[in-house]
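Pasted below: input.txt, compact mmCIF, C-alpha atoms.
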```txt
# COMPACT_ATOMS: atom_id res chain seq x y z
CA MET H 1477 96.31 123.13 88.76
CA GLY H 1478 93.84 120.33 88.14
CA ILE H 1479 92.97 117.49 85.79
CA SER H 1480 90.16 117.45 83.24
CA PHE H 1481 89.43 114.02 81.77
CA SER H 1482 86.97 113.17 79.02
CA ALA H 1483 87.79 110.06 77.04
CA ARG H 1484 86.38 107.04 75.31
CA LYS H 1485 88.34 103.83 74.73
CA ARG H 1486 87.32 100.40 73.54
CA LEU H 1487 89.78 97.62 74.38
CA ASN H 1488 89.31 93.84 74.32
CA GLY H 1489 85.52 94.11 74.35
CA PHE H 1490 85.46 96.64 77.21
CA THR H 1491 84.44 100.27 76.68
CA LEU H 1492 85.49 103.12 78.94
CA ASP H 1493 83.47 106.31 78.47
CA ALA H 1494 84.11 108.73 81.33
CA SER H 1495 84.29 112.46 82.01
CA TRP H 1496 85.26 114.27 85.21
CA LYS H 1497 87.31 117.14 86.62
CA ILE H 1498 89.34 117.50 89.80
CA GLY H 1499 91.18 120.46 91.28
CA ASN H 1500 94.35 120.68 93.32
CA GLU H 1501 93.19 117.99 95.75
CA LEU H 1502 93.44 114.35 96.70
CA ALA H 1503 90.85 112.54 94.61
CA VAL H 1504 89.93 108.86 94.68
CA ILE H 1505 88.67 106.77 91.78
CA PHE H 1506 86.55 104.15 93.50
CA GLY H 1507 85.06 100.99 92.07
CA TYR H 1508 85.22 97.27 91.51
CA SER H 1509 88.06 95.58 89.62
CA GLY H 1510 87.49 95.80 85.88
CA ALA H 1511 85.57 99.09 86.03
CA GLY H 1512 88.19 101.02 84.03
CA LYS H 1513 90.09 102.68 86.87
CA SER H 1514 93.60 101.61 85.87
CA MET H 1515 92.83 102.28 82.21
CA THR H 1516 92.01 105.86 83.18
CA LEU H 1517 95.38 106.37 84.89
CA GLN H 1518 97.19 104.83 81.92
CA MET H 1519 95.51 107.30 79.57
CA ILE H 1520 96.38 110.27 81.79
CA ALA H 1521 100.00 109.11 81.96
CA GLY H 1522 100.17 108.58 78.20
CA LEU H 1523 100.68 104.81 78.38
CA LEU H 1524 97.40 104.20 76.55
CA ALA H 1525 95.79 106.49 73.98
CA PRO H 1526 92.02 107.13 74.06
CA ASP H 1527 90.06 106.52 70.89
CA GLU H 1528 88.64 110.00 71.30
CA GLY H 1529 88.43 112.77 73.86
CA ASN H 1530 90.72 115.18 75.66
CA ILE H 1531 92.89 115.21 78.77
CA VAL H 1532 94.16 118.46 80.28
CA LEU H 1533 96.55 118.97 83.22
CA GLY H 1534 96.51 122.55 84.42
CA GLU H 1535 96.85 124.58 81.23
CA ASN H 1536 98.63 121.80 79.34
CA VAL H 1537 96.67 119.73 76.83
CA LEU H 1538 98.02 116.19 77.16
CA PHE H 1539 95.66 114.60 74.66
CA ASP H 1540 93.07 115.91 72.24
CA SER H 1541 91.77 113.72 69.44
CA GLY H 1542 90.24 116.70 67.63
CA LEU H 1543 93.48 118.70 67.68
CA ASN H 1544 95.65 115.63 67.05
CA VAL H 1545 97.59 116.21 70.28
CA ASP H 1546 99.15 113.26 72.11
CA THR H 1547 102.00 114.35 74.40
CA ARG H 1548 104.66 111.72 74.99
CA PRO H 1549 104.59 110.15 78.49
CA GLN H 1550 108.00 111.54 79.47
CA LYS H 1551 106.81 115.07 78.63
CA ARG H 1552 103.62 114.96 80.70
CA SER H 1553 105.14 115.87 84.10
CA ILE H 1554 103.26 113.10 85.90
CA GLY H 1555 104.45 110.86 88.72
CA TYR H 1556 103.06 107.33 88.59
CA VAL H 1557 103.18 104.61 91.27
CA PHE H 1558 102.10 101.21 89.96
CA GLN H 1559 100.32 98.60 92.06
CA ASP H 1560 103.41 96.35 91.98
CA LEU H 1561 105.67 99.42 92.60
CA ALA H 1562 108.00 98.36 89.71
CA LEU H 1563 111.21 98.92 91.69
CA PHE H 1564 114.37 97.68 89.99
CA PRO H 1565 115.57 94.71 92.09
CA HIS H 1566 119.25 95.17 91.17
CA MET H 1567 119.27 98.86 92.19
CA THR H 1568 119.52 100.21 95.72
CA ALA H 1569 116.75 102.34 97.17
CA GLY H 1570 118.76 105.48 96.43
CA GLU H 1571 119.48 104.39 92.87
CA ASN H 1572 115.80 103.62 92.30
CA ILE H 1573 114.85 107.10 93.47
CA CYS H 1574 117.54 108.79 91.38
CA TYR H 1575 116.47 106.81 88.32
CA GLY H 1576 113.19 108.72 88.42
CA GLY H 1577 115.22 111.91 88.07
CA HIS H 1578 117.03 110.79 84.91
CA GLY H 1579 118.02 113.86 82.91
CA ILE H 1580 118.23 116.18 85.92
CA ASP H 1581 121.65 117.65 86.74
CA LYS H 1582 123.51 115.11 88.92
CA VAL H 1583 124.10 117.55 91.79
CA GLU H 1584 120.44 118.60 91.83
CA GLN H 1585 119.37 114.97 91.48
CA LYS H 1586 121.36 113.96 94.58
CA LYS H 1587 120.04 116.96 96.52
CA ARG H 1588 116.43 116.07 95.73
CA CYS H 1589 117.04 112.41 96.55
CA LEU H 1590 118.37 113.30 100.00
CA GLU H 1591 115.41 115.62 100.61
CA LEU H 1592 112.95 112.86 99.70
CA LEU H 1593 114.76 110.28 101.82
CA ARG H 1594 114.35 112.59 104.80
CA MET H 1595 110.77 113.50 103.95
CA PHE H 1596 109.70 109.85 103.74
CA ARG H 1597 111.77 108.91 106.79
CA ILE H 1598 113.91 106.35 104.96
CA ALA H 1599 117.26 108.16 105.30
CA GLY H 1600 119.89 105.53 106.04
CA LEU H 1601 118.21 102.93 103.84
CA GLU H 1602 119.42 104.30 100.52
CA ASP H 1603 122.08 101.58 100.10
CA ARG H 1604 119.65 98.68 100.60
CA LEU H 1605 118.21 96.63 97.77
CA PRO H 1606 114.41 96.33 97.50
CA SER H 1607 114.66 92.75 98.79
CA GLN H 1608 116.11 94.16 102.02
CA LEU H 1609 113.23 96.60 102.58
CA SER H 1610 109.86 96.13 104.26
CA GLY H 1611 106.63 96.64 102.33
CA GLY H 1612 106.15 100.12 103.75
CA GLN H 1613 109.74 101.09 102.98
CA LYS H 1614 109.34 99.94 99.38
CA GLN H 1615 106.21 102.09 99.10
CA ARG H 1616 108.14 105.13 100.29
CA VAL H 1617 110.92 104.50 97.78
CA ALA H 1618 108.36 104.22 94.97
CA LEU H 1619 106.68 107.46 96.05
CA ALA H 1620 110.02 109.26 96.29
CA ARG H 1621 110.97 108.07 92.80
CA ALA H 1622 107.66 109.35 91.42
CA LEU H 1623 108.18 112.76 93.02
CA ILE H 1624 111.86 113.46 92.34
CA ARG H 1625 111.05 115.33 89.13
CA ARG H 1626 108.52 117.49 91.02
CA PRO H 1627 105.63 116.48 88.76
CA ASP H 1628 102.45 118.45 88.20
CA ALA H 1629 100.29 115.47 89.25
CA LEU H 1630 100.69 112.14 91.06
CA LEU H 1631 98.85 108.97 90.02
CA LEU H 1632 98.60 105.97 92.36
CA ASP H 1633 97.21 102.60 91.27
CA GLU H 1634 96.13 100.82 94.49
CA PRO H 1635 99.60 101.25 96.02
CA PHE H 1636 98.63 100.11 99.52
CA SER H 1637 96.56 97.02 98.75
CA ALA H 1638 99.30 94.52 99.74
CA LEU H 1639 100.28 96.26 102.99
CA ASP H 1640 99.35 95.31 106.53
CA MET H 1641 96.66 97.49 108.06
CA HIS H 1642 98.93 99.41 110.46
CA ILE H 1643 101.30 100.25 107.59
CA ARG H 1644 98.36 101.33 105.43
CA PHE H 1645 97.30 103.79 108.15
CA GLU H 1646 100.83 105.20 108.20
CA MET H 1647 100.96 105.51 104.40
CA ARG H 1648 97.63 107.35 104.36
CA GLY H 1649 99.18 110.06 106.52
CA ILE H 1650 102.17 110.28 104.21
CA LEU H 1651 99.91 110.62 101.18
CA LYS H 1652 98.05 113.53 102.78
CA GLU H 1653 101.41 115.12 103.56
CA ILE H 1654 102.48 114.75 99.92
CA GLN H 1655 99.42 116.57 98.64
CA GLN H 1656 99.82 119.39 101.15
CA THR H 1657 103.58 119.73 100.57
CA PHE H 1658 103.71 119.52 96.78
CA LYS H 1659 100.30 121.13 96.22
CA ILE H 1660 99.49 119.02 93.17
CA PRO H 1661 96.49 116.90 92.19
CA VAL H 1662 96.85 113.39 93.62
CA LEU H 1663 94.68 110.72 92.02
CA LEU H 1664 94.39 107.42 93.89
CA ILE H 1665 92.69 104.21 92.81
CA THR H 1666 91.14 102.06 95.51
CA HIS H 1667 88.21 99.72 96.13
CA ASP H 1668 88.61 100.09 99.90
CA ALA H 1669 85.78 102.21 101.31
CA ASP H 1670 87.64 103.00 104.54
CA GLU H 1671 90.68 104.18 102.60
CA ALA H 1672 88.54 106.36 100.33
CA LEU H 1673 86.75 107.93 103.29
CA ALA H 1674 90.02 108.59 105.13
CA LEU H 1675 91.86 110.14 102.19
CA ALA H 1676 89.57 111.64 99.58
CA ASP H 1677 88.71 115.29 99.19
CA ARG H 1678 86.68 114.13 96.20
CA MET H 1679 85.51 110.73 94.98
CA ILE H 1680 84.73 109.51 91.47
CA VAL H 1681 82.85 106.20 91.41
CA TYR H 1682 83.25 103.94 88.38
CA ALA H 1683 81.02 101.06 87.29
CA GLU H 1684 81.31 99.23 83.98
CA GLY H 1685 83.50 101.92 82.43
CA ARG H 1686 81.25 104.85 83.40
CA VAL H 1687 81.22 107.49 86.11
CA VAL H 1688 78.13 106.71 88.17
CA GLN H 1689 78.55 109.22 91.00
CA ALA H 1690 81.00 111.94 92.00
CA GLY H 1691 81.29 114.20 95.01
CA SER H 1692 82.70 114.34 98.52
CA PRO H 1693 83.06 111.06 100.45
CA GLU H 1694 80.22 112.15 102.70
CA GLU H 1695 77.92 112.74 99.72
CA ILE H 1696 78.84 109.39 98.19
CA PHE H 1697 78.50 107.29 101.32
CA LEU H 1698 75.49 109.00 102.90
CA SER H 1699 73.50 109.56 99.71
CA PRO H 1700 74.30 106.72 97.30
CA LEU H 1701 72.38 107.26 94.08
CA CYS H 1702 72.37 103.66 92.87
CA SER H 1703 72.80 100.11 94.07
CA GLU H 1704 76.41 99.78 92.91
CA VAL H 1705 77.47 102.79 94.99
CA LEU H 1706 75.52 101.39 97.94
CA THR H 1707 77.32 98.05 97.70
CA LEU H 1708 80.75 99.56 97.14
CA SER H 1709 80.43 101.87 100.12
CA ARG H 1710 79.14 99.08 102.40
CA PHE H 1711 76.49 101.57 103.53
CA THR H 1712 74.20 100.01 106.14
CA GLY H 1713 71.68 102.78 106.78
CA ASN H 1714 68.15 103.20 105.51
CA VAL H 1715 68.87 105.30 102.43
CA GLN H 1716 67.62 103.51 99.33
CA PRO H 1717 69.37 104.07 95.98
CA ALA H 1718 67.26 105.44 93.18
CA VAL H 1719 68.33 103.12 90.36
CA SER H 1720 70.84 100.53 89.29
CA CYS H 1721 73.93 101.87 87.53
CA THR H 1722 74.52 98.81 85.40
CA GLY H 1723 74.09 98.80 81.66
CA SER H 1724 73.35 102.20 80.16
CA GLU H 1725 71.72 103.71 83.26
CA LEU H 1726 73.86 106.33 84.97
CA CYS H 1727 72.95 107.77 88.31
CA GLY H 1728 75.17 110.80 88.54
CA THR H 1729 77.51 113.10 86.69
CA ALA H 1730 81.01 114.31 87.44
CA THR H 1731 81.53 118.04 87.42
```
In structure tokens, how does this file's structure come out?
Amino acid sequence: MGISFSARKRLNGFTLDASWKIGNELAVIFGYSGAGKSMTLQMIAGLLAPDEGNIVLGENVLFDSGLNVDTRPQKRSIGYVFQDLALFPHMTAGENICYGGHGIDKVEQKKRCLELLRMFRIAGLEDRLPSQLSGGQKQRVALARALIRRPDALLLDEPFSALDMHIRFEMRGILKEIQQTFKIPVLLITHDADEALALADRMIVYAEGRVVQAGSPEEIFLSPLCSEVLTLSRFTGNVQPAVSCTGSELCGTAT
């Protein structure tokens, strides 16, 4: 299982033109706001169609402009956690989780919900409304909802950015556990260098809608190939980047 992404999209004067591949691992898309990170997740999930390109999950072609394939979002087997979590305020934690399993047999749905409540250590909170939960508890509910259908991939759009540091540390451990338990590609957006270093098996760095460097966190942080990567990683050593990544100059490729 893995994700292959190659797409071009022009939207409101911004152009995303990116290609990369990841395997069954926890990968981080890293970059400044406005670099095209969220747009990438939206295209993988089917919420936004590329102008051209192809997106493949495992052996399933999700999008291919040449073959005229554009799988509906609900058929893509992808879990998605938005930055604002998008929990329904009038539903309890348990109801929010079960909503993600809409269409699954009710008995199986309840069984999976209980398993996820235990896994995320929020058993006993299923009858609380989101307003009665802490930030970390809301995150766990959102993750459980995204996983109840046992998706083939999990997409996370800066889910921890609003959390206190000690809760972020805790959630990082949970995210690693998710990848190891479900054995699916997990794709996380962040602009936090510490978070990327702590979590990523692989990093994909975006700048101005392009992939400017890709590799392991160690490769990215210790051998930045351009000034944007250097700045993003807050690297303070003596390594000098080769070029600037802005404009049409790219300093690396994603393979």
**Asked** Once you count all atoms listed in the file, which residues end up no further than 10 Å from (89.7, 109.7, 103.6) in the file's frame, shown as a PyMOL selection string?
**Response** chain H and resi 1502-1504+1648-1649+1652+1669-1679+1692-1694
Would you mind exporting the chosen residues as a PDB file, in the coordinates of the input, restricted to C-alpha atoms?
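Okay, this is what ended up in again-v5.pdb:
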```pdb
ATOM      1  CA  LEU H1502      93.440 114.350  96.700  1.00  0.00           C
ATOM      2  CA  ALA H1503      90.850 112.540  94.610  1.00  0.00           C
ATOM      3  CA  VAL H1504      89.930 108.860  94.680  1.00  0.00           C
ATOM      4  CA  ARG H1648      97.630 107.350 104.360  1.00  0.00           C
ATOM      5  CA  GLY H1649      99.180 110.060 106.520  1.00  0.00           C
ATOM      6  CA  LYS H1652      98.050 113.530 102.780  1.00  0.00           C
ATOM      7  CA  ALA H1669      85.780 102.210 101.310  1.00  0.00           C
ATOM      8  CA  ASP H1670      87.640 103.000 104.540  1.00  0.00           C
ATOM      9  CA  GLU H1671      90.680 104.180 102.600  1.00  0.00           C
ATOM     10  CA  ALA H1672      88.540 106.360 100.330  1.00  0.00           C
ATOM     11  CA  LEU H1673      86.750 107.930 103.290  1.00  0.00           C
ATOM     12  CA  ALA H1674      90.020 108.590 105.130  1.00  0.00           C
ATOM     13  CA  LEU H1675      91.860 110.140 102.190  1.00  0.00           C
ATOM     14  CA  ALA H1676      89.570 111.640  99.580  1.00  0.00           C
ATOM     15  CA  ASP H1677      88.710 115.290  99.190  1.00  0.00           C
ATOM     16  CA  ARG H1678      86.680 114.130  96.200  1.00  0.00           C
ATOM     17  CA  MET H1679      85.510 110.730  94.980  1.00  0.00           C
ATOM     18  CA  SER H1692      82.700 114.340  98.520  1.00  0.00           C
ATOM     19  CA  PRO H1693      83.060 111.060 100.450  1.00  0.00           C
ATOM     20  CA  GLU H1694      80.220 112.150 102.700  1.00  0.00           C
TER      21      GLU H1694
END
```
**Message:** So that I can check the surroundings of Thr1547 in chain H, please list as number ranges by chain every protein, DNA and RNA residue that reaches within 12 Å of it, counting all atoms listed in the file and ignoring chain neighbours fewer than 6 positions away.
**Reply:** H: 1519-1525, 1530-1533, 1536-1541, 1553-1554
**Request:** Kindly give the distance, in Å, that separates CA of Gly1534 in chain H and CA of Leu1619 in chain H, rounded to a single decimal.
**Result:**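 According to the coordinates, CA of Gly1534 in chain H and CA of Leu1619 in chain H are separated by 21.6 Å.
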**Request:** Rank H:Gly1691, H:Met1595, H:Arg1486, H:Ile1505 by their smallest atom-to-atom distance to Glu1653 in chain H, using only C-alpha atoms, and report the top residue only.
**Result:**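 Using only C-alpha atoms, the shortest distance to Glu1653 in chain H belongs to H:Met1595.
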**Prompt:** Nearest to Gly1579 in chain H among H:Gln1559, H:Ser1607, H:Gln1550, H:Ser1703, with distances taken over all atoms listed in the file: which residue is it?
**Reply:** H:Gln1550
**For Ile1498 in chain H: contacts at 7 Å, all atoms listed in the file, fewer than 4 positions along chain excluded, given as a PyMOL selection string** = chain H and resi 1478-1480
**Message:** Which residues are near Asp1493 in chain H? Cut-off 7 Å, only C-alpha atoms, ignore same chain within fewer than 2 positions. Put them as a ChimeraX atom specification.
**Reply:** /H:1483-1485,1491,1685-1686
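Atom pair CA of Leu1605 in chain H / CA of Thr1568 in chain H: separated by 4.3 Å.
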**Asked** In Å, how far is it from CA of Thr1516 in chain H to CA of Ser1482 in chain H?
**Response**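 Atom-to-atom, CA of Thr1516 in chain H to CA of Ser1482 in chain H, that is 9.8 Å.
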Which residues of range 1525-1620 of chain H come within 7 Å of range 1624-1634 of chain H, and for each one, what is the closest pair of atoms and their distance in Å to one decimal, counting only C-alpha atoms, sorted by chain and residue number, as CSV?
```
residue,atom,partner,partner_atom,distance
H:Ser1553,CA,H:Pro1627,CA,4.7
H:Ile1554,CA,H:Pro1627,CA,5.0
H:Gly1555,CA,H:Leu1630,CA,4.6
H:Tyr1556,CA,H:Leu1631,CA,4.7
H:Val1557,CA,H:Leu1632,CA,4.9
H:Phe1558,CA,H:Asp1633,CA,5.2
H:Gln1559,CA,H:Asp1633,CA,5.1
H:Gly1576,CA,H:Ile1624,CA,6.3
H:Gly1577,CA,H:Arg1625,CA,5.5
H:Arg1588,CA,H:Ile1624,CA,6.3
H:Cys1589,CA,H:Ile1624,CA,6.8
H:Ala1620,CA,H:Ile1624,CA,6.1
```
**Message:** Set the distance at 10 Å and use only C-alpha atoms: which residues neighbour range 1610-1614 of chain H once local chain neighbours fewer than 4 positions away are removed? I'd like the list as JSON, numbers by chain.
**Reply:** {"H": [1561, 1562, 1563, 1569, 1596, 1597, 1598, 1601, 1605, 1606, 1618, 1619, 1620, 1636, 1638, 1639, 1640, 1642, 1643, 1644, 1646, 1647]}
For those residues, write C-alpha atoms to a file as a PDB file, in the frame of the given file.
```pdb
ATOM      1  CA  LEU H1561     105.670  99.420  92.600  1.00  0.00           C
ATOM      2  CA  ALA H1562     108.000  98.360  89.710  1.00  0.00           C
ATOM      3  CA  LEU H1563     111.210  98.920  91.690  1.00  0.00           C
ATOM      4  CA  ALA H1569     116.750 102.340  97.170  1.00  0.00           C
ATOM      5  CA  PHE H1596     109.700 109.850 103.740  1.00  0.00           C
ATOM      6  CA  ARG H1597     111.770 108.910 106.790  1.00  0.00           C
ATOM      7  CA  ILE H1598     113.910 106.350 104.960  1.00  0.00           C
ATOM      8  CA  LEU H1601     118.210 102.930 103.840  1.00  0.00           C
ATOM      9  CA  LEU H1605     118.210  96.630  97.770  1.00  0.00           C
ATOM     10  CA  PRO H1606     114.410  96.330  97.500  1.00  0.00           C
ATOM     11  CA  ALA H1618     108.360 104.220  94.970  1.00  0.00           C
ATOM     12  CA  LEU H1619     106.680 107.460  96.050  1.00  0.00           C
ATOM     13  CA  ALA H1620     110.020 109.260  96.290  1.00  0.00           C
ATOM     14  CA  PHE H1636      98.630 100.110  99.520  1.00  0.00           C
ATOM     15  CA  ALA H1638      99.300  94.520  99.740  1.00  0.00           C
ATOM     16  CA  LEU H1639     100.280  96.260 102.990  1.00  0.00           C
ATOM     17  CA  ASP H1640      99.350  95.310 106.530  1.00  0.00           C
ATOM     18  CA  HIS H1642      98.930  99.410 110.460  1.00  0.00           C
ATOM     19  CA  ILE H1643     101.300 100.250 107.590  1.00  0.00           C
ATOM     20  CA  ARG H1644      98.360 101.330 105.430  1.00  0.00           C
ATOM     21  CA  GLU H1646     100.830 105.200 108.200  1.00  0.00           C
ATOM     22  CA  MET H1647     100.960 105.510 104.400  1.00  0.00           C
TER      23      MET H1647
END
```
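Distances here use all atoms listed in the file; by that measure, the residue among H:Ile1573, H:Asp1581, H:Cys1702, H:Arg1548 closest to Arg1616 in chain H is H:Ile1573.
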**Selection near Ser1509 in chain H, 10 Å with only C-alpha atoms, sequence-local residues under 5 positions removed, as an MDAnalysis selection string** = chainID H and resid 1514 1666:1667 1682:1684
